[in-house]
$ cat input-v4.txt   # compact mmCIF, C-alpha atoms and all ligand atoms
# COMPACT_ATOMS: atom_id res chain seq x y z
CA MET A 1 16.64 0.80 -9.73
CA GLY A 2 16.00 -0.37 -13.32
CA ALA A 3 13.93 1.61 -15.81
CA GLY A 4 11.23 -1.07 -15.79
CA ARG A 5 10.86 -0.99 -12.01
CA LEU A 6 10.79 2.81 -12.07
CA ALA A 7 8.04 2.80 -14.69
CA THR A 8 6.06 0.31 -12.62
CA LEU A 9 6.38 2.43 -9.46
CA GLU A 10 5.18 5.47 -11.41
CA GLN A 11 2.29 3.48 -12.81
CA VAL A 12 1.27 2.21 -9.35
CA ALA A 13 1.51 5.78 -8.03
CA GLY A 14 -0.84 6.93 -10.79
CA LEU A 15 -3.28 4.15 -9.91
CA ILE A 16 -3.19 5.13 -6.22
CA VAL A 17 -4.00 8.77 -7.03
CA LYS A 18 -6.86 7.66 -9.30
CA VAL A 19 -8.38 5.21 -6.79
CA ALA A 20 -7.97 7.69 -3.91
CA SER A 21 -9.65 10.48 -5.88
CA GLU A 22 -12.49 8.27 -7.14
CA ASN A 23 -13.19 7.10 -3.60
CA LYS A 24 -12.96 10.62 -2.14
CA CYS A 25 -10.20 9.45 0.21
CA GLN A 26 -9.63 11.55 3.29
CA ASP A 27 -7.39 9.31 5.42
CA ALA A 28 -5.10 6.52 4.23
CA LEU A 29 -2.57 4.07 5.66
CA GLU A 30 0.22 2.29 3.82
CA VAL A 31 2.75 -0.42 4.66
CA GLY A 32 6.03 0.01 2.74
CA VAL A 33 7.61 3.47 2.25
CA HIS A 34 11.08 3.00 0.66
CA TRP A 35 11.16 5.30 -2.42
CA ALA A 36 7.96 7.09 -1.29
CA TYR A 37 6.17 6.71 -4.63
CA SER A 38 3.10 5.32 -2.90
CA THR A 39 3.45 7.75 0.04
CA ARG A 40 3.47 10.80 -2.22
CA ALA A 41 0.62 9.40 -4.33
CA LEU A 42 -1.52 8.84 -1.23
CA LEU A 43 -0.74 12.37 -0.01
CA LYS A 44 -1.73 13.69 -3.45
CA GLY A 45 -4.93 11.66 -3.77
CA CYS A 46 -6.22 11.93 -0.18
CA THR A 47 -7.42 15.20 1.29
CA HIS A 48 -6.55 14.77 4.98
CA HIS A 49 -3.86 12.51 6.50
CA VAL A 50 -1.58 9.62 5.51
CA THR A 51 0.00 7.16 7.96
CA SER A 52 2.95 5.10 6.68
CA ILE A 53 4.45 2.04 8.37
CA ASP A 54 7.88 0.67 7.48
CA ASN A 55 10.40 -1.25 9.57
CA HIS A 56 13.18 0.91 8.09
CA PHE A 57 13.69 4.66 8.18
CA TYR A 58 14.25 6.20 4.73
CA PRO A 59 15.55 9.81 4.91
CA TYR A 60 15.01 10.06 1.13
CA ALA A 61 11.27 9.58 1.67
CA VAL A 62 11.15 12.29 4.34
CA THR A 63 12.93 14.72 2.00
CA ARG A 64 10.51 13.99 -0.86
CA VAL A 65 7.47 14.59 1.36
CA GLU A 66 9.03 17.83 2.64
CA GLU A 67 9.57 18.95 -0.96
CA ASP A 68 5.89 18.24 -1.62
CA ASP A 69 5.07 20.48 1.37
CA ALA A 70 3.00 17.66 2.86
CA SER A 71 4.89 16.83 6.10
CA ASP A 72 2.08 18.20 8.26
CA ARG A 73 -0.33 15.63 6.78
CA TRP A 74 2.00 12.64 7.19
CA THR A 75 2.89 10.25 10.04
CA TYR A 76 5.84 7.88 9.49
CA ILE A 77 5.86 4.92 11.91
CA VAL A 78 9.15 2.98 11.87
CA GLU A 79 8.13 -0.45 13.11
CA ASP A 80 7.35 -3.94 11.84
CA SER A 81 3.81 -4.03 10.45
CA LEU A 82 3.08 -7.14 12.54
CA THR A 83 3.22 -5.02 15.72
CA ALA A 84 2.36 -1.56 14.31
CA MET A 85 -0.91 -2.36 12.54
CA PRO A 86 -2.72 -3.88 15.56
CA LYS A 87 -2.28 -0.51 17.32
CA GLU A 88 -4.43 1.23 14.69
CA LYS A 89 -8.08 1.89 15.58
CA ASP A 90 -11.01 0.16 13.86
CA GLU A 91 -12.67 1.67 10.77
CA ILE A 92 -10.74 4.95 10.45
CA TYR A 93 -9.18 4.76 6.95
CA ASP A 94 -10.74 5.23 3.51
CA LEU A 95 -7.85 3.55 1.72
CA VAL A 96 -5.12 1.10 2.77
CA PHE A 97 -2.16 0.27 0.50
CA ILE A 98 -0.11 -2.86 1.32
CA ASP A 99 3.46 -3.10 -0.05
CA GLY A 100 5.58 -4.31 2.88
CA ALA A 101 7.07 -7.75 3.56
CA HIS A 102 5.97 -10.27 0.92
CA ASP A 103 6.05 -13.50 2.99
CA TYR A 104 2.79 -15.26 3.72
CA ASP A 105 2.53 -14.43 7.45
CA HIS A 106 3.10 -10.70 6.94
CA VAL A 107 0.77 -10.36 3.95
CA TYR A 108 -1.98 -12.35 5.69
CA SER A 109 -1.59 -10.29 8.88
CA ASP A 110 -1.35 -6.95 7.02
CA LEU A 111 -4.51 -7.70 5.03
CA THR A 112 -6.44 -8.91 8.10
CA ASN A 113 -5.52 -5.72 9.96
CA ALA A 114 -6.28 -3.62 6.87
CA LEU A 115 -9.85 -4.93 6.70
CA ARG A 116 -10.36 -4.07 10.37
CA ILE A 117 -9.05 -0.50 10.12
CA LEU A 118 -10.86 0.31 6.85
CA LYS A 119 -14.10 2.26 7.07
CA PRO A 120 -17.17 0.51 5.63
CA GLY A 121 -16.92 0.99 1.87
CA GLY A 122 -13.15 1.57 2.07
CA VAL A 123 -10.69 0.27 -0.53
CA LEU A 124 -7.71 -2.04 0.00
CA LEU A 125 -4.90 -2.05 -2.58
CA VAL A 126 -2.36 -4.91 -2.57
CA ASP A 127 0.83 -4.29 -4.58
CA ASP A 128 2.74 -7.06 -6.40
CA TYR A 129 -0.27 -9.39 -6.56
CA LEU A 130 0.89 -10.63 -10.00
CA HIS A 131 4.64 -10.46 -9.36
CA GLU A 132 6.24 -13.75 -10.40
CA LYS A 133 8.76 -13.46 -7.56
CA GLY A 134 6.35 -11.67 -5.26
CA GLY A 135 6.59 -14.24 -2.48
CA ASP A 136 3.22 -15.27 -1.12
CA VAL A 137 1.30 -12.08 -1.90
CA ARG A 138 -1.09 -13.80 -4.27
CA LYS A 139 -1.65 -16.84 -2.04
CA ALA A 140 -2.43 -14.81 1.08
CA THR A 141 -4.58 -12.31 -0.86
CA ASP A 142 -6.65 -15.05 -2.49
CA GLU A 143 -7.28 -16.63 0.91
CA ILE A 144 -8.38 -13.32 2.44
CA VAL A 145 -10.67 -12.59 -0.53
CA SER A 146 -12.29 -16.00 -0.17
CA GLN A 147 -12.60 -15.90 3.66
CA HIS A 148 -14.14 -12.40 3.72
CA ASN A 149 -16.13 -12.74 0.48
CA LEU A 150 -14.46 -9.63 -0.97
CA SER A 151 -14.67 -8.39 -4.53
CA MET A 152 -11.36 -8.12 -6.35
CA LYS A 153 -10.23 -6.19 -9.42
CA ILE A 154 -6.72 -6.73 -10.83
CA HIS A 155 -4.71 -3.85 -12.29
CA PRO A 156 -1.82 -5.38 -14.28
CA ALA A 157 1.43 -3.46 -14.74
CA ILE A 158 1.50 -2.56 -18.42
CA HIS A 159 5.08 -1.28 -18.49
CA GLU A 160 6.67 -4.66 -17.75
CA PRO A 161 4.73 -7.33 -19.60
CA THR A 162 7.34 -9.98 -18.93
CA GLN A 163 7.33 -9.42 -15.19
CA MET A 164 3.85 -8.53 -14.08
CA PHE A 165 3.75 -6.78 -10.75
CA GLY A 166 0.11 -5.83 -10.70
CA VAL A 167 -2.11 -4.38 -7.99
CA ALA A 168 -5.18 -6.08 -6.52
CA GLU A 169 -8.04 -3.75 -5.54
CA LEU A 170 -10.24 -5.29 -2.85
CA SER A 171 -13.51 -4.05 -1.41
CA LYS A 172 -16.08 -5.50 0.97
C1 LIG A 201 8.75 -2.48 -2.31
S1 LIG A 201 9.21 -1.50 -0.96
C2 LIG A 201 7.93 -0.28 -0.87
C3 LIG A 201 7.96 0.69 -2.01
C4 LIG A 201 7.02 1.87 -1.79
N1 LIG A 201 5.64 1.46 -1.67
C5 LIG A 201 7.17 2.89 -2.88
O1 LIG A 201 6.20 3.17 -3.62
O2 LIG A 201 8.24 3.45 -3.03
C6 LIG A 201 8.83 -2.54 0.42
C7 LIG A 201 9.01 -1.87 1.76
O3 LIG A 201 8.52 -2.73 2.77
C8 LIG A 201 9.32 -2.54 3.92
N2 LIG A 201 9.15 -3.70 4.79
C9 LIG A 201 9.65 -4.94 4.62
N3 LIG A 201 9.30 -5.76 5.63
C10 LIG A 201 8.54 -5.01 6.48
C11 LIG A 201 7.88 -5.27 7.72
N4 LIG A 201 7.94 -6.49 8.27
N5 LIG A 201 7.18 -4.28 8.31
C12 LIG A 201 7.13 -3.05 7.73
N6 LIG A 201 7.74 -2.73 6.55
C13 LIG A 201 8.43 -3.70 5.94
C14 LIG A 201 10.72 -2.35 3.37
O4 LIG A 201 11.56 -1.67 4.29
C15 LIG A 201 10.46 -1.56 2.10
O5 LIG A 201 10.59 -0.20 2.35
$ encode --input "input-v4.txt" --output "C-alpha cells" --more "lines below"
Ligand SMILES: C[S@@+](CC[C@H](N)C(=O)[O-])C[C@H]1O[C@@H](n2cnc3c(N)ncnc32)[C@H](O)[C@@H]1O
Amino acid sequence: MGAGRLATLEQVAGLIVKVASENKCQDALEVGVHWAYSTRALLKGCTHHVTSIDNHFYPYAVTRVEEDDASDRWTYIVEDSLTAMPKEKDEIYDLVFIDGAHDYDHVYSDLTNALRILKPGGVLLVDDYLHEKGGDVRKATDEIVSQHNLSMKIHPAIHEPTQMFGVAELSK
C-alpha cells in the first residue's frame, strides 16, 4: 500500500471516529473490511456493537481487532453484500459505512439497504465518493440522494489532492 493511500485510510478512520462520537453511535454496520481501518474506527467511535460485511475473510483484520481487545463487540460476516445486507433488520444501526464493491449495482443496493437498516436520524458514510477511479460510487450515491431527498456533506481527502477519495456523509 502506498503512503498516500495509507494516509487517506488514516484520515477516513479519523473522520469515522469523529462522526460516530458526534452522533453518539451505539451500533454500526460497515461493508468492506480489508485492512480494518474503518472497522477499528467504528469500534472506537461506537459504544456497543459493530457488524462488518465483506465477501473475503481477512485474518489480518481479525488480529487487529483482537489486539484492540474489541472482538466481543464485533461480528464479521463473510458474504457478498448483495445477499448479506437484506438479512439485516430495519432501523437498528446509528451509523452505516459503505466501502465495498464500487460498481453501480452494488453501491446502489448497499445504499438502499443502508437507508432501511439505519435508525431515524442515523448517518450514512460513503467512501470514495470523489475517487477519480472509484467506479460508479458517485453516480449511484447522487441518484440515492436525489430519490430519497437526503442531505449530503462531502469530506474531501486532504492528503492526496491529486487523487481525491473523499467521503460523502448522508442523512435523512
Ligand atoms: C477498499 S476495501 C475496504 C477497506 C476498509 N474499509 C478499510 O478501512 O481498511 C474494499 C473491500 O470491499 C470488499 N468487497 C468487494 N466486493 C464486495 C462485495 N460484493 N461484498 C462485500 N464486500 C466486498 C473487498 O473484499 C475489500 O475488502
$ closest_residue --input "input-v4.txt" --among "A:Asp69, A:Ile144, A:Trp74, A:His131" --to "ligand LIG 201 (chain A)" --atoms "all atoms listed in the file"
A:His131
$ closest_residue --input "input-v4.txt" --among "A:Val96, A:Ile16, A:Met85, A:Ile77" --to "Leu29 in chain A" --atoms "only C-alpha atoms"
A:Val96
$ atom_distance --input "input-v4.txt" --atom1 "atom N3 of ligand LIG 201 (chain A)" --atom2 "CA of Glu10 in chain A"
20.8 Å
$ residues_near_ligand --input "input-v4.txt" --ligand "ligand LIG 201 (chain A)" --cutoff "6 Å" --atoms "only C-alpha atoms and all ligand atoms" --output "MDAnalysis selection string"
chainID A and resid 9 31:38 53:56 80:81 99:101
$ atom_distance --input "input-v4.txt" --atom1 "CA of Val167 in chain A" --atom2 "CA of Asp90 in chain A"
24.0 Å
$ closest_residue --input "input-v4.txt" --among "A:Leu130, A:Phe165, A:Tyr108, A:Lys119" --to "Glu143 in chain A" --atoms "only C-alpha atoms"
A:Tyr108
$ closest_residue --input "input-v4.txt" --among "A:Ala157, A:Val123, A:Ile98, A:Ala168" --to "Asp142 in chain A" --atoms "all atoms listed in the file"
A:Ala168
$ closest_residue --input "input-v4.txt" --among "A:His155, A:Lys89, A:His102, A:Arg64" --to "Ala140 in chain A" --atoms "all atoms listed in the file"
A:His102
$ atom_distance --input "input-v4.txt" --atom1 "CA of Thr51 in chain A" --atom2 "CA of Glu132 in chain A"
28.5 Å
$ closest_residue --input "input-v4.txt" --among "A:Ser52, A:Glu30, A:Lys172, A:Glu67" --to "Val126 in chain A" --atoms "only C-alpha atoms"
A:Glu30
$ residues_around --input "input-v4.txt" --residues "range 44-50 of chain A" --least-positions-apart "3" --cutoff "7 Å" --atoms "only C-alpha atoms" --output "PyMOL selection string"
chain A and resi 17+20-21+25-29+40-41+73-75
$ write_last_selection --input "input-v4.txt" --atoms "C-alpha atoms" --output "PDB file, in the frame of the given file"
ATOM      1  CA  VAL A  17      -4.000   8.770  -7.030  1.00  0.00           C
ATOM      2  CA  ALA A  20      -7.970   7.690  -3.910  1.00  0.00           C
ATOM      3  CA  SER A  21      -9.650  10.480  -5.880  1.00  0.00           C
ATOM      4  CA  CYS A  25     -10.200   9.450   0.210  1.00  0.00           C
ATOM      5  CA  GLN A  26      -9.630  11.550   3.290  1.00  0.00           C
ATOM      6  CA  ASP A  27      -7.390   9.310   5.420  1.00  0.00           C
ATOM      7  CA  ALA A  28      -5.100   6.520   4.230  1.00  0.00           C
ATOM      8  CA  LEU A  29      -2.570   4.070   5.660  1.00  0.00           C
ATOM      9  CA  ARG A  40       3.470  10.800  -2.220  1.00  0.00           C
ATOM     10  CA  ALA A  41       0.620   9.400  -4.330  1.00  0.00           C
ATOM     11  CA  ARG A  73      -0.330  15.630   6.780  1.00  0.00           C
ATOM     12  CA  TRP A  74       2.000  12.640   7.190  1.00  0.00           C
ATOM     13  CA  THR A  75       2.890  10.250  10.040  1.00  0.00           C
TER      14      THR A  75
END
$ residues_around --input "input-v4.txt" --residues "His148 in chain A" --least-positions-apart "3" --cutoff "12 Å" --atoms "all atoms listed in the file" --output "PyMOL selection string"
chain A and resi 111-112+115-116+141-145+151-152+170-172
